[in-house]
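Raw contents of data_21.cif, mmCIF, N, CA and C atoms:
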```cif
data_input
#
loop_
_atom_site.label_atom_id
_atom_site.label_comp_id
_atom_site.auth_asym_id
_atom_site.auth_seq_id
_atom_site.Cartn_x
_atom_site.Cartn_y
_atom_site.Cartn_z
N TYR Z 1 -182.27 -56.00 -25.66
CA TYR Z 1 -180.98 -55.63 -26.19
C TYR Z 1 -180.24 -56.84 -26.77
N CYS Z 2 -180.27 -57.94 -26.04
CA CYS Z 2 -179.51 -59.12 -26.46
C CYS Z 2 -180.31 -60.04 -27.36
N GLY Z 3 -181.60 -59.80 -27.49
CA GLY Z 3 -182.44 -60.63 -28.33
C GLY Z 3 -183.05 -61.83 -27.62
N ARG Z 4 -182.78 -61.96 -26.34
CA ARG Z 4 -183.34 -63.09 -25.59
C ARG Z 4 -184.83 -62.84 -25.35
N PHE Z 5 -185.63 -63.86 -25.62
CA PHE Z 5 -187.05 -63.79 -25.36
C PHE Z 5 -187.40 -64.84 -24.32
N ASP Z 6 -188.17 -64.43 -23.34
CA ASP Z 6 -188.55 -65.33 -22.25
C ASP Z 6 -189.94 -64.91 -21.79
N LYS Z 7 -190.83 -65.86 -21.63
CA LYS Z 7 -192.18 -65.54 -21.17
C LYS Z 7 -192.16 -64.84 -19.82
N GLN Z 8 -191.16 -65.13 -19.02
CA GLN Z 8 -191.07 -64.49 -17.70
C GLN Z 8 -190.82 -62.99 -17.81
N PHE Z 9 -190.34 -62.53 -18.98
CA PHE Z 9 -190.09 -61.10 -19.16
C PHE Z 9 -191.38 -60.29 -19.23
N LEU Z 10 -192.53 -60.97 -19.32
CA LEU Z 10 -193.80 -60.25 -19.27
C LEU Z 10 -193.98 -59.58 -17.92
N ASP Z 11 -193.33 -60.15 -16.91
CA ASP Z 11 -193.30 -59.53 -15.59
C ASP Z 11 -192.18 -58.49 -15.60
N ALA Z 12 -192.53 -57.24 -15.39
CA ALA Z 12 -191.56 -56.14 -15.49
C ALA Z 12 -190.38 -56.32 -14.53
N ASP Z 13 -190.62 -56.84 -13.35
CA ASP Z 13 -189.54 -57.03 -12.39
C ASP Z 13 -188.53 -58.06 -12.88
N THR Z 14 -189.02 -59.13 -13.49
CA THR Z 14 -188.14 -60.17 -14.02
C THR Z 14 -187.32 -59.62 -15.17
N TYR Z 15 -187.96 -58.84 -16.03
CA TYR Z 15 -187.26 -58.22 -17.15
C TYR Z 15 -186.19 -57.24 -16.65
N ASP Z 16 -186.55 -56.42 -15.67
CA ASP Z 16 -185.58 -55.48 -15.10
C ASP Z 16 -184.40 -56.22 -14.49
N LEU Z 17 -184.67 -57.33 -13.83
CA LEU Z 17 -183.60 -58.13 -13.23
C LEU Z 17 -182.67 -58.67 -14.32
N HIS Z 18 -183.24 -59.11 -15.43
CA HIS Z 18 -182.42 -59.57 -16.56
C HIS Z 18 -181.52 -58.45 -17.05
N LEU Z 19 -182.10 -57.28 -17.23
CA LEU Z 19 -181.31 -56.15 -17.73
C LEU Z 19 -180.19 -55.78 -16.75
N TRP Z 20 -180.48 -55.84 -15.49
CA TRP Z 20 -179.53 -55.40 -14.47
C TRP Z 20 -178.44 -56.43 -14.21
N ARG Z 21 -178.80 -57.72 -14.23
CA ARG Z 21 -177.84 -58.75 -13.82
C ARG Z 21 -177.35 -59.67 -14.92
N GLU Z 22 -178.17 -59.92 -15.94
CA GLU Z 22 -177.86 -61.00 -16.87
C GLU Z 22 -177.56 -60.58 -18.30
N CYS Z 23 -178.15 -59.51 -18.77
CA CYS Z 23 -178.05 -59.16 -20.18
C CYS Z 23 -176.59 -58.90 -20.56
N PRO Z 24 -176.05 -59.66 -21.52
CA PRO Z 24 -174.66 -59.50 -21.90
C PRO Z 24 -174.38 -58.21 -22.68
N MET Z 25 -175.43 -57.50 -23.07
CA MET Z 25 -175.25 -56.25 -23.81
C MET Z 25 -175.13 -55.05 -22.88
N LEU Z 26 -175.38 -55.26 -21.58
CA LEU Z 26 -175.39 -54.18 -20.61
C LEU Z 26 -174.36 -54.43 -19.51
N THR Z 27 -173.95 -53.34 -18.87
CA THR Z 27 -173.03 -53.46 -17.75
C THR Z 27 -173.30 -52.31 -16.78
N LEU Z 28 -172.79 -52.46 -15.58
CA LEU Z 28 -172.84 -51.36 -14.61
C LEU Z 28 -171.60 -50.50 -14.80
N CYS Z 29 -171.79 -49.21 -14.88
CA CYS Z 29 -170.64 -48.29 -14.93
C CYS Z 29 -169.86 -48.45 -13.64
N ASN Z 30 -168.56 -48.67 -13.77
CA ASN Z 30 -167.73 -48.84 -12.58
C ASN Z 30 -167.50 -47.52 -11.84
N LEU Z 31 -167.91 -46.41 -12.41
CA LEU Z 31 -167.73 -45.12 -11.75
C LEU Z 31 -168.99 -44.64 -11.05
N CYS Z 32 -170.15 -44.81 -11.69
CA CYS Z 32 -171.38 -44.26 -11.11
C CYS Z 32 -172.44 -45.32 -10.78
N GLY Z 33 -172.26 -46.54 -11.27
CA GLY Z 33 -173.21 -47.61 -10.98
C GLY Z 33 -174.43 -47.66 -11.87
N GLN Z 34 -174.51 -46.80 -12.86
CA GLN Z 34 -175.66 -46.78 -13.79
C GLN Z 34 -175.55 -47.96 -14.76
N VAL Z 35 -176.69 -48.55 -15.13
CA VAL Z 35 -176.72 -49.59 -16.15
C VAL Z 35 -176.56 -48.92 -17.51
N VAL Z 36 -175.58 -49.39 -18.30
CA VAL Z 36 -175.23 -48.76 -19.57
C VAL Z 36 -175.05 -49.85 -20.63
N LYS Z 37 -175.46 -49.55 -21.86
CA LYS Z 37 -175.15 -50.45 -22.97
C LYS Z 37 -173.63 -50.45 -23.15
N ILE Z 38 -173.05 -51.62 -23.28
CA ILE Z 38 -171.61 -51.71 -23.46
C ILE Z 38 -171.17 -50.97 -24.72
N SER Z 39 -172.00 -51.00 -25.73
CA SER Z 39 -171.68 -50.28 -26.97
C SER Z 39 -171.60 -48.76 -26.78
N GLU Z 40 -172.17 -48.27 -25.69
CA GLU Z 40 -172.16 -46.83 -25.41
C GLU Z 40 -171.34 -46.48 -24.16
N LEU Z 41 -170.59 -47.44 -23.64
CA LEU Z 41 -169.88 -47.24 -22.39
C LEU Z 41 -168.80 -46.17 -22.48
N SER Z 42 -168.03 -46.16 -23.55
CA SER Z 42 -166.99 -45.13 -23.69
C SER Z 42 -167.61 -43.74 -23.74
N PHE Z 43 -168.69 -43.60 -24.52
CA PHE Z 43 -169.41 -42.32 -24.58
C PHE Z 43 -169.92 -41.94 -23.19
N HIS Z 44 -170.49 -42.92 -22.50
CA HIS Z 44 -170.99 -42.67 -21.14
C HIS Z 44 -169.87 -42.14 -20.25
N TRP Z 45 -168.72 -42.82 -20.24
CA TRP Z 45 -167.61 -42.40 -19.39
C TRP Z 45 -167.12 -40.99 -19.73
N LEU Z 46 -167.21 -40.62 -21.00
CA LEU Z 46 -166.68 -39.31 -21.43
C LEU Z 46 -167.71 -38.19 -21.38
N GLU Z 47 -169.00 -38.51 -21.55
CA GLU Z 47 -170.01 -37.46 -21.69
C GLU Z 47 -171.15 -37.48 -20.68
N GLU Z 48 -171.59 -38.65 -20.26
CA GLU Z 48 -172.80 -38.74 -19.45
C GLU Z 48 -172.57 -39.03 -17.98
N CYS Z 49 -171.54 -39.74 -17.67
CA CYS Z 49 -171.29 -40.19 -16.29
C CYS Z 49 -171.09 -39.00 -15.35
N GLU Z 50 -171.67 -39.13 -14.17
CA GLU Z 50 -171.49 -38.04 -13.20
C GLU Z 50 -170.02 -37.90 -12.79
N LYS Z 51 -169.21 -38.91 -13.04
CA LYS Z 51 -167.77 -38.85 -12.74
C LYS Z 51 -166.94 -38.81 -14.02
N ARG Z 52 -167.52 -38.23 -15.08
CA ARG Z 52 -166.85 -38.18 -16.38
C ARG Z 52 -165.51 -37.43 -16.33
N ARG Z 53 -165.34 -36.56 -15.39
CA ARG Z 53 -164.08 -35.81 -15.28
C ARG Z 53 -162.91 -36.69 -14.85
N MET Z 54 -163.21 -37.93 -14.50
CA MET Z 54 -162.16 -38.87 -14.11
C MET Z 54 -161.55 -39.57 -15.34
N ASN Z 55 -162.07 -39.26 -16.55
CA ASN Z 55 -161.59 -39.86 -17.79
C ASN Z 55 -161.28 -38.80 -18.82
N ARG Z 56 -160.44 -39.20 -19.76
CA ARG Z 56 -160.11 -38.36 -20.91
C ARG Z 56 -160.02 -39.25 -22.13
N GLN Z 57 -160.40 -38.74 -23.28
CA GLN Z 57 -160.36 -39.54 -24.49
C GLN Z 57 -158.97 -39.51 -25.12
N CYS Z 58 -158.46 -40.68 -25.44
CA CYS Z 58 -157.19 -40.79 -26.15
C CYS Z 58 -157.41 -40.39 -27.61
N PRO Z 59 -156.60 -39.49 -28.14
CA PRO Z 59 -156.78 -39.08 -29.53
C PRO Z 59 -156.41 -40.19 -30.53
N ARG Z 60 -155.67 -41.18 -30.08
CA ARG Z 60 -155.23 -42.28 -30.97
C ARG Z 60 -156.25 -43.42 -31.01
N CYS Z 61 -156.61 -43.95 -29.86
CA CYS Z 61 -157.52 -45.11 -29.82
C CYS Z 61 -158.98 -44.70 -29.60
N LYS Z 62 -159.19 -43.46 -29.20
CA LYS Z 62 -160.53 -42.90 -28.95
C LYS Z 62 -161.22 -43.49 -27.73
N GLU Z 63 -160.50 -44.25 -26.92
CA GLU Z 63 -161.10 -44.84 -25.72
C GLU Z 63 -161.02 -43.86 -24.56
N ALA Z 64 -161.89 -44.08 -23.57
CA ALA Z 64 -161.89 -43.30 -22.34
C ALA Z 64 -160.77 -43.85 -21.45
N ILE Z 65 -159.85 -42.99 -21.09
CA ILE Z 65 -158.70 -43.39 -20.28
C ILE Z 65 -158.80 -42.68 -18.93
N PRO Z 66 -158.65 -43.43 -17.82
CA PRO Z 66 -158.66 -42.76 -16.52
C PRO Z 66 -157.57 -41.69 -16.44
N ILE Z 67 -157.92 -40.56 -15.87
CA ILE Z 67 -157.00 -39.42 -15.77
C ILE Z 67 -155.65 -39.83 -15.19
N ASN Z 68 -155.66 -40.68 -14.15
CA ASN Z 68 -154.39 -41.04 -13.51
C ASN Z 68 -153.52 -41.95 -14.39
N GLU Z 69 -154.06 -42.46 -15.50
CA GLU Z 69 -153.29 -43.29 -16.43
C GLU Z 69 -153.05 -42.59 -17.76
N TYR Z 70 -153.64 -41.43 -17.94
CA TYR Z 70 -153.66 -40.77 -19.25
C TYR Z 70 -152.26 -40.40 -19.75
N SER Z 71 -151.43 -39.80 -18.94
CA SER Z 71 -150.10 -39.37 -19.38
C SER Z 71 -149.28 -40.55 -19.89
N ASP Z 72 -149.25 -41.64 -19.13
CA ASP Z 72 -148.51 -42.83 -19.57
C ASP Z 72 -149.13 -43.42 -20.83
N HIS Z 73 -150.44 -43.44 -20.89
CA HIS Z 73 -151.13 -43.99 -22.05
C HIS Z 73 -150.71 -43.23 -23.32
N ILE Z 74 -150.71 -41.92 -23.24
CA ILE Z 74 -150.36 -41.08 -24.39
C ILE Z 74 -148.87 -41.21 -24.71
N GLU Z 75 -148.05 -41.21 -23.69
CA GLU Z 75 -146.59 -41.25 -23.89
C GLU Z 75 -146.13 -42.55 -24.56
N PHE Z 76 -146.64 -43.68 -24.11
CA PHE Z 76 -146.16 -44.98 -24.60
C PHE Z 76 -146.83 -45.43 -25.89
N MET Z 77 -148.00 -44.87 -26.23
CA MET Z 77 -148.69 -45.15 -27.49
C MET Z 77 -148.76 -46.65 -27.80
N THR Z 78 -149.14 -47.44 -26.82
CA THR Z 78 -149.26 -48.88 -27.04
C THR Z 78 -150.69 -49.29 -27.41
N CYS Z 79 -151.59 -48.32 -27.44
CA CYS Z 79 -152.98 -48.62 -27.77
C CYS Z 79 -153.14 -48.88 -29.27
N ILE Z 80 -154.24 -49.52 -29.60
CA ILE Z 80 -154.57 -49.82 -30.99
C ILE Z 80 -155.27 -48.59 -31.58
N PRO Z 81 -154.75 -48.03 -32.68
CA PRO Z 81 -155.42 -46.86 -33.27
C PRO Z 81 -156.86 -47.18 -33.65
N ALA Z 82 -157.73 -46.23 -33.42
CA ALA Z 82 -159.17 -46.40 -33.74
C ALA Z 82 -159.37 -46.49 -35.24
N LYS Z 83 -160.35 -47.29 -35.63
CA LYS Z 83 -160.76 -47.39 -37.02
C LYS Z 83 -162.07 -46.62 -37.20
N LEU Z 84 -162.42 -46.36 -38.43
CA LEU Z 84 -163.70 -45.71 -38.71
C LEU Z 84 -164.84 -46.61 -38.22
N PRO Z 85 -165.93 -46.02 -37.72
CA PRO Z 85 -167.06 -46.82 -37.24
C PRO Z 85 -167.63 -47.77 -38.29
N THR Z 86 -167.46 -47.46 -39.56
CA THR Z 86 -167.94 -48.36 -40.61
C THR Z 86 -167.04 -49.58 -40.77
N MET Z 87 -165.85 -49.51 -40.20
CA MET Z 87 -164.90 -50.63 -40.31
C MET Z 87 -164.88 -51.51 -39.06
N ALA Z 88 -165.07 -50.90 -37.88
CA ALA Z 88 -164.98 -51.67 -36.64
C ALA Z 88 -165.54 -50.88 -35.47
N ASN Z 89 -166.03 -51.62 -34.47
CA ASN Z 89 -166.35 -51.07 -33.15
C ASN Z 89 -165.16 -51.40 -32.26
N ARG Z 90 -164.98 -50.64 -31.20
CA ARG Z 90 -163.94 -50.95 -30.21
C ARG Z 90 -164.63 -51.31 -28.91
N CYS Z 91 -164.40 -52.50 -28.42
CA CYS Z 91 -165.00 -52.92 -27.16
C CYS Z 91 -164.27 -52.24 -26.00
N PRO Z 92 -165.00 -51.52 -25.14
CA PRO Z 92 -164.36 -50.85 -24.01
C PRO Z 92 -163.96 -51.82 -22.89
N LEU Z 93 -164.40 -53.07 -22.99
CA LEU Z 93 -164.06 -54.05 -21.95
C LEU Z 93 -162.77 -54.80 -22.28
N CYS Z 94 -162.63 -55.25 -23.53
CA CYS Z 94 -161.43 -56.02 -23.90
C CYS Z 94 -160.49 -55.22 -24.80
N HIS Z 95 -160.90 -54.04 -25.22
CA HIS Z 95 -160.09 -53.11 -26.02
C HIS Z 95 -159.70 -53.65 -27.38
N GLN Z 96 -160.50 -54.57 -27.91
CA GLN Z 96 -160.24 -55.13 -29.23
C GLN Z 96 -161.25 -54.60 -30.23
N ASP Z 97 -160.84 -54.57 -31.49
CA ASP Z 97 -161.75 -54.21 -32.55
C ASP Z 97 -162.67 -55.40 -32.83
N ILE Z 98 -163.92 -55.08 -33.04
CA ILE Z 98 -164.94 -56.09 -33.33
C ILE Z 98 -165.69 -55.65 -34.57
N PRO Z 99 -166.49 -56.54 -35.17
CA PRO Z 99 -167.22 -56.14 -36.38
C PRO Z 99 -168.08 -54.89 -36.15
N PRO Z 100 -168.29 -54.11 -37.20
CA PRO Z 100 -169.04 -52.85 -37.07
C PRO Z 100 -170.53 -53.05 -36.85
N GLY Z 101 -171.17 -52.00 -36.37
CA GLY Z 101 -172.62 -51.96 -36.23
C GLY Z 101 -173.14 -52.76 -35.05
N GLU Z 102 -174.46 -52.71 -34.89
CA GLU Z 102 -175.13 -53.40 -33.78
C GLU Z 102 -174.93 -54.91 -33.87
N ASP Z 103 -174.88 -55.44 -35.08
CA ASP Z 103 -174.65 -56.88 -35.24
C ASP Z 103 -173.27 -57.27 -34.72
N GLY Z 104 -172.30 -56.40 -34.89
CA GLY Z 104 -170.96 -56.66 -34.37
C GLY Z 104 -170.95 -56.75 -32.85
N TRP Z 105 -171.72 -55.86 -32.21
CA TRP Z 105 -171.82 -55.91 -30.75
C TRP Z 105 -172.48 -57.20 -30.29
N LYS Z 106 -173.57 -57.57 -30.94
CA LYS Z 106 -174.27 -58.81 -30.55
C LYS Z 106 -173.38 -60.03 -30.74
N LYS Z 107 -172.65 -60.07 -31.85
CA LYS Z 107 -171.75 -61.19 -32.09
C LYS Z 107 -170.69 -61.26 -30.99
N HIS Z 108 -170.08 -60.13 -30.69
CA HIS Z 108 -169.00 -60.08 -29.71
C HIS Z 108 -169.48 -60.38 -28.29
N LEU Z 109 -170.60 -59.79 -27.91
CA LEU Z 109 -171.06 -59.88 -26.52
C LEU Z 109 -171.97 -61.08 -26.24
N VAL Z 110 -172.82 -61.43 -27.20
CA VAL Z 110 -173.79 -62.51 -26.97
C VAL Z 110 -173.26 -63.85 -27.49
N LEU Z 111 -172.82 -63.87 -28.74
CA LEU Z 111 -172.40 -65.15 -29.34
C LEU Z 111 -170.99 -65.55 -28.93
N ASP Z 112 -170.05 -64.60 -28.99
CA ASP Z 112 -168.65 -64.91 -28.70
C ASP Z 112 -168.30 -64.75 -27.22
N SER Z 113 -169.12 -64.04 -26.47
CA SER Z 113 -168.87 -63.75 -25.04
C SER Z 113 -167.53 -63.07 -24.84
N CYS Z 114 -167.54 -61.75 -24.89
CA CYS Z 114 -166.34 -60.95 -24.63
C CYS Z 114 -165.56 -61.52 -23.46
N PRO Z 115 -164.26 -61.65 -23.58
CA PRO Z 115 -163.46 -62.24 -22.49
C PRO Z 115 -163.46 -61.41 -21.20
N ASN Z 116 -163.91 -60.17 -21.28
CA ASN Z 116 -163.94 -59.35 -20.06
C ASN Z 116 -165.35 -59.07 -19.66
#
```

Full structure transcribed into structure tokens:
Amino acid sequence: YCGRFDKQFLDADTYDLHLWRECPMLTLCNLCGQVVKISELSFHWLEECEKRRMNRQCPRCKEAIPINEYSDHIEFMTCIPAKLPTMANRCPLCHQDIPPGEDGWKKHLVLDSCPN
């Protein structure tokens, strides 16, 4: 996912450990503990996660918002409005717009190291 190549990855256990603990493109879902691509984390929280009912999508920023924060989030409208996917990705960790496409994710997560 991150483009890192290491001879030790020929060992499946070492590669799995990298994916689980080190790969900057992946994270553990804070709700279910599943390893998820950060680029797909919002979708996971809204559609795939076994605890998806704990989130709702904001119609303005398109991010997954915890149910207990949703009313305030909608009322105060302090979120950044979503852009078209061809214009920007939205990082679910730092909530900032980043360059579009897979290259945008790699730049943000691998090269720039997302602040969150």

Considering all atoms listed in the file, can you say which of Z:Met87, Z:Val35, Z:Ala82, Z:Met25 comes closest to Lys62 in chain Z?
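Smallest separation from Lys62 in chain Z among the options: Z:Ala82.
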
Using only N, CA and C atoms, determine which residues lie at most 7 Å from range 112-116 of chain Z, disregarding the query and same-chain residues fewer than 6 positions distant; provide the list as an mmCIF file with N, CA and C atoms, in the coordinates of the input.
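Contents of the output file result.cif:
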```
data_model
loop_
_atom_site.group_PDB
_atom_site.id
_atom_site.type_symbol
_atom_site.label_atom_id
_atom_site.label_comp_id
_atom_site.auth_asym_id
_atom_site.auth_seq_id
_atom_site.Cartn_x
_atom_site.Cartn_y
_atom_site.Cartn_z
ATOM 1 N N LEU Z 93 -164.400 -53.070 -22.990
ATOM 2 C CA LEU Z 93 -164.060 -54.050 -21.950
ATOM 3 C C LEU Z 93 -162.770 -54.800 -22.280
ATOM 4 N N CYS Z 94 -162.630 -55.250 -23.530
ATOM 5 C CA CYS Z 94 -161.430 -56.020 -23.900
ATOM 6 C C CYS Z 94 -160.490 -55.220 -24.800
ATOM 7 N N LYS Z 106 -173.570 -57.570 -30.940
ATOM 8 C CA LYS Z 106 -174.270 -58.810 -30.550
ATOM 9 C C LYS Z 106 -173.380 -60.030 -30.740
#
```

Enumerate, as a PyMOL selection string, the residues matched when the PyMOL selection byres (((chain Z and resi 33 and name CA) around 12) and name CA) is run on the file above.
chain Z and resi 20+26-32+34-36+41+44-45+49-51

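DSSP on the backbone gives alpha helix (DSSP H) for these parts of chain Z: Ala12, Asp13, Thr14, Tyr15, Asp16, Leu17, Leu41, Ser42, Phe43, Ile67, Asn68, Glu69, Tyr70, Ser71, Asp72, His73, Ile74, Glu75, Phe76, Gly101, Glu102, Asp103, Gly104, Trp105 and Lys106 of chain Z.
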
Between atom C of Leu111 in chain Z and CA of Glu47 in chain Z - distance in Å to one decimal:
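Rounded to one decimal, the two atoms are 29.0 Å apart.
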
The PyMOL selection byres ((chain Z and resi 63-74) around 8) - which residues does that actually catch in the file I just gave you? List them as number ranges by chain.
Z: 41-43, 45-46, 53-62, 75-79, 82, 92

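Of the listed residues Z:Asp97, Z:Pro24, Z:Lys37, Z:Pro81, the one whose atoms come nearest to Leu109 in chain Z is Z:Pro24, with distances taken using only C-alpha atoms.
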
Given 5 Å of margin on each side, can you work out the centre and size in Å (one decimal) of an axis-aligned box holding every listed atom of range 99-116 of chain Z, as JSON?
```
{"center_x": -169.3, "center_y": -58.8, "center_z": -28.4, "size_x": 21.7, "size_y": 23.6, "size_z": 27.5}
```

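The coordinates place CA of Pro99 in chain Z at 8.6 Å from atom C of Pro85 in chain Z.
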
Using atom N of Cys23 in chain Z and CA of Gly104 in chain Z as the two end points, give the distance in Å to one decimal.
17.4 Å
